[in-house]
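Here the structure comes first, spelled out in structure tokens, and everything after it is commentary.
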Amino acid sequence: MAHARNARASHPAVGGIGKWAAALAFVLVLGMTLVSLQLFQLTARSTSEPALRRALNALVEGDAIIERNYDDLRVRAEASQPGETLLLRDYPVAVPLTREEVLASSKDGLRRTLLDRAGKRMYDGGTSVLRGDSASGSAGRFTASGAVDEFLGFLRERVHGILAVLTLVLMAVSALLAIVLAAFCRGFGRLVGIGAAVLAASAPLLLGGLAMRLYAKTSAGADGEYLHGELMQIGASLAWLPVRNGIVFT
């Protein structure tokens, strides 16, 4: 900091260039930090699992599968031995159910159990836990189904751990650049400079979150398609993360 002050005092032009360079670097790195923070929060278990459960139920028409196979599951449970586990036919995630659980569950209770356990399995293992026809497709990532598959595969514990490390590193670099920027400013200008940089980095986050939420809300029921509407509703709920954090930082 002392070196920065001496250079600024002896060479005002150098100090001015250094200040703008430090401000630009701080804005860019802080912007990346905020994006990484949103993704870190998005992939947290408390956020990802509800989204995975809702998306899975909509994608595979889980309610229809339960309606179609519930009676068969109960018949098999009644014929099985105590403690034996069973699987619901056609369900895309292998969720073991004990005989006692099946006999004690209504259709709604079975639905909740399946979704809770399937959501946990998908968060821990990604879309690789899907079985049967649901996992055999080869849709490209630039198709609608491929994009959904990529998104669901992103909401997992392994990605959350990677983002935790990345976010901490970016936070440390942002703090260092804030110190450098403060060294190039004088008096109250330090507060103004850092505040303006934080505003410049966080305003796009807020505007982007608002745009995503507005788009998802307006298009959720545009075509009347159930799957599209459900996915848009999930997107609208997740878009609240950048909106909330953007408001805090701005």
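Every chain in the structure tokens has a letter given in the order shown (A, B, ...), and although residue numbers restart at 1 in each chain, ligands are simply numbered from 1 in the order shown.
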
### Task
Identify, on the basis of only C-alpha atoms, every residue whose closest approach to Met171 of chain A does not exceed 10 Å; exclude the query and any residue fewer than 2 positions from it along the same chain; express the result as a list of chain:residue names.
A:Val29, A:Leu30, A:Met32, A:Thr33, A:Leu34, A:Ser36, A:Leu37, A:Val165, A:Leu166, A:Thr167, A:Leu168, A:Val169, A:Val173, A:Ser174, A:Ala175, A:Leu176, A:Leu177

Would you give me, as a tab-separated table, each residue of segment 71-96 of chain A having an atom within 9 Å of an atom of segment 102-110 of chain A, along with its shortest atom pair and that distance in Å to one decimal, using only C-alpha atoms and sorting by chain and residue number?
```
residue	atom	partner	partner_atom	distance
A:Leu73	CA	A:Val102	CA	7.4
A:Arg74	CA	A:Leu103	CA	6.3
A:Ala77	CA	A:Val102	CA	6.6
A:Glu78	CA	A:Leu103	CA	7.5
A:Leu86	CA	A:Val102	CA	8.5
```

Deliver the residues from the most recent selection as a file, using all heavy atoms, as a PDB file, in the first residue's frame.
```
ATOM      1  N   LEU A  73     -47.784 -53.293  -6.712  1.00  0.00           N
ATOM      2  CA  LEU A  73     -46.760 -53.229  -5.661  1.00  0.00           C
ATOM      3  C   LEU A  73     -47.305 -53.786  -4.352  1.00  0.00           C
ATOM      4  O   LEU A  73     -46.602 -54.527  -3.643  1.00  0.00           O
ATOM      5  CB  LEU A  73     -46.293 -51.787  -5.480  1.00  0.00           C
ATOM      6  CG  LEU A  73     -45.194 -51.543  -4.444  1.00  0.00           C
ATOM      7  CD1 LEU A  73     -43.898 -52.241  -4.852  1.00  0.00           C
ATOM      8  CD2 LEU A  73     -44.964 -50.047  -4.265  1.00  0.00           C
ATOM      9  N   ARG A  74     -48.549 -53.474  -4.015  1.00  0.00           N
ATOM     10  CA  ARG A  74     -49.143 -53.978  -2.782  1.00  0.00           C
ATOM     11  C   ARG A  74     -49.333 -55.496  -2.832  1.00  0.00           C
ATOM     12  O   ARG A  74     -49.114 -56.191  -1.832  1.00  0.00           O
ATOM     13  CB  ARG A  74     -50.473 -53.280  -2.499  1.00  0.00           C
ATOM     14  CG  ARG A  74     -50.331 -51.842  -2.047  1.00  0.00           C
ATOM     15  CD  ARG A  74     -51.671 -51.296  -1.568  1.00  0.00           C
ATOM     16  NE  ARG A  74     -52.163 -52.010  -0.401  1.00  0.00           N
ATOM     17  CZ  ARG A  74     -51.894 -51.667   0.857  1.00  0.00           C
ATOM     18  NH1 ARG A  74     -51.117 -50.616   1.109  1.00  0.00           N
ATOM     19  NH2 ARG A  74     -52.399 -52.355   1.865  1.00  0.00           N
ATOM     20  N   ALA A  77     -46.051 -56.986  -2.276  1.00  0.00           N
ATOM     21  CA  ALA A  77     -45.639 -56.806  -0.887  1.00  0.00           C
ATOM     22  C   ALA A  77     -46.331 -57.819   0.018  1.00  0.00           C
ATOM     23  O   ALA A  77     -45.713 -58.384   0.931  1.00  0.00           O
ATOM     24  CB  ALA A  77     -45.945 -55.389  -0.430  1.00  0.00           C
ATOM     25  N   GLU A  78     -47.616 -58.064  -0.210  1.00  0.00           N
ATOM     26  CA  GLU A  78     -48.369 -59.026   0.610  1.00  0.00           C
ATOM     27  C   GLU A  78     -47.840 -60.441   0.436  1.00  0.00           C
ATOM     28  O   GLU A  78     -47.895 -61.255   1.362  1.00  0.00           O
ATOM     29  CB  GLU A  78     -49.848 -58.961   0.244  1.00  0.00           C
ATOM     30  CG  GLU A  78     -50.519 -57.657   0.685  1.00  0.00           C
ATOM     31  CD  GLU A  78     -51.922 -57.520   0.132  1.00  0.00           C
ATOM     32  OE1 GLU A  78     -52.305 -58.367  -0.709  1.00  0.00           O
ATOM     33  OE2 GLU A  78     -52.626 -56.565   0.533  1.00  0.00           O
ATOM     34  N   LEU A  86     -38.741 -54.189  -2.224  1.00  0.00           N
ATOM     35  CA  LEU A  86     -39.372 -54.226  -3.544  1.00  0.00           C
ATOM     36  C   LEU A  86     -39.116 -52.907  -4.257  1.00  0.00           C
ATOM     37  O   LEU A  86     -38.795 -51.889  -3.628  1.00  0.00           O
ATOM     38  CB  LEU A  86     -40.871 -54.465  -3.423  1.00  0.00           C
ATOM     39  CG  LEU A  86     -41.342 -55.686  -2.636  1.00  0.00           C
ATOM     40  CD1 LEU A  86     -41.719 -55.269  -1.214  1.00  0.00           C
ATOM     41  CD2 LEU A  86     -42.535 -56.354  -3.325  1.00  0.00           C
TER      42      LEU A  86
END
```

### Query
Quick one: distance from atom CA of Glu225 of chain A to atom CA of Ser237 of chain A in Å, one decimal?
18.5 Å

#### Entry: Selected residue, from A:Ala201, A:Ala220, A:Ala211, A:Ala58, that lies nearest to Gly246 of chain A when counting only C-alpha atoms
A:Ala201

### alpha helix (DSSP H) positions in segment 49-227 of chain A, given as a ChimeraX atom specification
/A:49-59,62-79,99-104,107-125,133-136,144-154,157-184,188-219,226-227

Selection: 7 Å around Val27 of chain A, only C-alpha atoms, excl. self and same-chain fewer than 5 positions, as a PDB file with C-alpha atoms, in the first residue's frame:
```pdb
ATOM      1  CA  ALA A 197     -17.035  -1.337  -7.985  1.00  0.00           C
ATOM      2  CA  VAL A 198     -19.333  -3.546  -5.881  1.00  0.00           C
ATOM      3  CA  ALA A 200     -20.989  -2.381 -10.958  1.00  0.00           C
ATOM      4  CA  ALA A 201     -20.367  -6.078 -10.248  1.00  0.00           C
TER       5      ALA A 201
END
```

### Message
Quick check for you: according to DSSP on this backbone, which residues of segment 45-162 of chain A are classed as strand (DSSP E or B)? Reply as a PyMOL selection string.
### Response
chain A and resi 85-86+93+97-98+130

### Distance query segment 90-98 of chain A at most 12 Å, only C-alpha atoms, self and fewer than 5 positions along chain excluded, as a PyMOL selection string
chain A and resi 53+56-57+59-70+72-74+76-78+80-85+103-105+110-122+125-136

Keeping only C-alpha atoms, write the selected residues to a file as a CSV table (one decimal), in the first residue's frame.
```
chain,number,residue,atom,x,y,z
A,53,ARG,CA,-37.8,-34.0,-6.8
A,56,LEU,CA,-38.2,-35.8,-11.8
A,57,ASN,CA,-41.9,-36.1,-11.0
A,59,LEU,CA,-40.3,-35.5,-16.4
A,60,VAL,CA,-41.3,-39.1,-15.8
A,61,GLU,CA,-44.9,-38.5,-14.9
A,62,GLY,CA,-44.4,-40.1,-11.5
A,63,ASP,CA,-48.0,-39.7,-10.4
A,64,ALA,CA,-49.1,-41.7,-13.4
A,65,ILE,CA,-46.5,-44.4,-12.7
A,66,ILE,CA,-47.7,-44.7,-9.1
A,67,GLU,CA,-51.3,-44.8,-10.1
A,68,ARG,CA,-50.6,-47.6,-12.7
A,69,ASN,CA,-48.4,-49.8,-10.5
A,70,TYR,CA,-49.6,-49.1,-6.9
A,72,ASP,CA,-49.3,-54.4,-8.2
A,73,LEU,CA,-46.8,-53.2,-5.7
A,74,ARG,CA,-49.1,-54.0,-2.8
A,76,ARG,CA,-46.2,-58.2,-4.4
A,77,ALA,CA,-45.6,-56.8,-0.9
A,78,GLU,CA,-48.4,-59.0,0.6
A,80,SER,CA,-43.2,-61.2,0.1
A,81,GLN,CA,-41.4,-62.1,3.3
A,82,PRO,CA,-41.0,-59.6,6.2
A,83,GLY,CA,-38.1,-57.3,5.6
A,84,GLU,CA,-37.9,-58.0,1.9
A,85,THR,CA,-37.4,-55.0,-0.4
A,103,LEU,CA,-48.3,-52.0,3.1
A,104,ALA,CA,-48.4,-49.0,5.4
A,105,SER,CA,-48.3,-46.3,2.7
A,110,LEU,CA,-45.6,-43.7,-1.4
A,111,ARG,CA,-45.2,-40.7,-3.8
A,112,ARG,CA,-43.5,-38.7,-1.0
A,113,THR,CA,-41.2,-41.5,-0.1
A,114,LEU,CA,-40.1,-42.2,-3.7
A,115,LEU,CA,-39.5,-38.6,-4.4
A,116,ASP,CA,-37.5,-37.9,-1.2
A,117,ARG,CA,-35.2,-40.9,-1.8
A,118,ALA,CA,-34.9,-40.4,-5.5
A,119,GLY,CA,-34.0,-36.7,-4.9
A,120,LYS,CA,-31.3,-37.8,-2.5
A,121,ARG,CA,-29.9,-40.4,-4.8
A,122,MET,CA,-29.8,-38.0,-7.8
A,125,GLY,CA,-24.9,-39.5,-7.9
A,126,GLY,CA,-26.3,-37.3,-10.6
A,127,THR,CA,-28.4,-38.6,-13.5
A,128,SER,CA,-26.5,-41.8,-13.6
A,129,VAL,CA,-28.9,-43.2,-11.0
A,130,LEU,CA,-31.7,-43.2,-13.6
A,131,ARG,CA,-32.4,-46.6,-15.0
A,132,GLY,CA,-34.2,-48.1,-18.0
A,133,ASP,CA,-35.3,-45.9,-20.9
A,134,SER,CA,-34.9,-42.7,-18.9
A,135,ALA,CA,-31.1,-43.2,-18.9
A,136,SER,CA,-30.6,-44.8,-22.3
```

### Query
Distance atom CA of Phe184 of chain A-atom CA of Lys19 of chain A, one decimal place?
5.3 Å
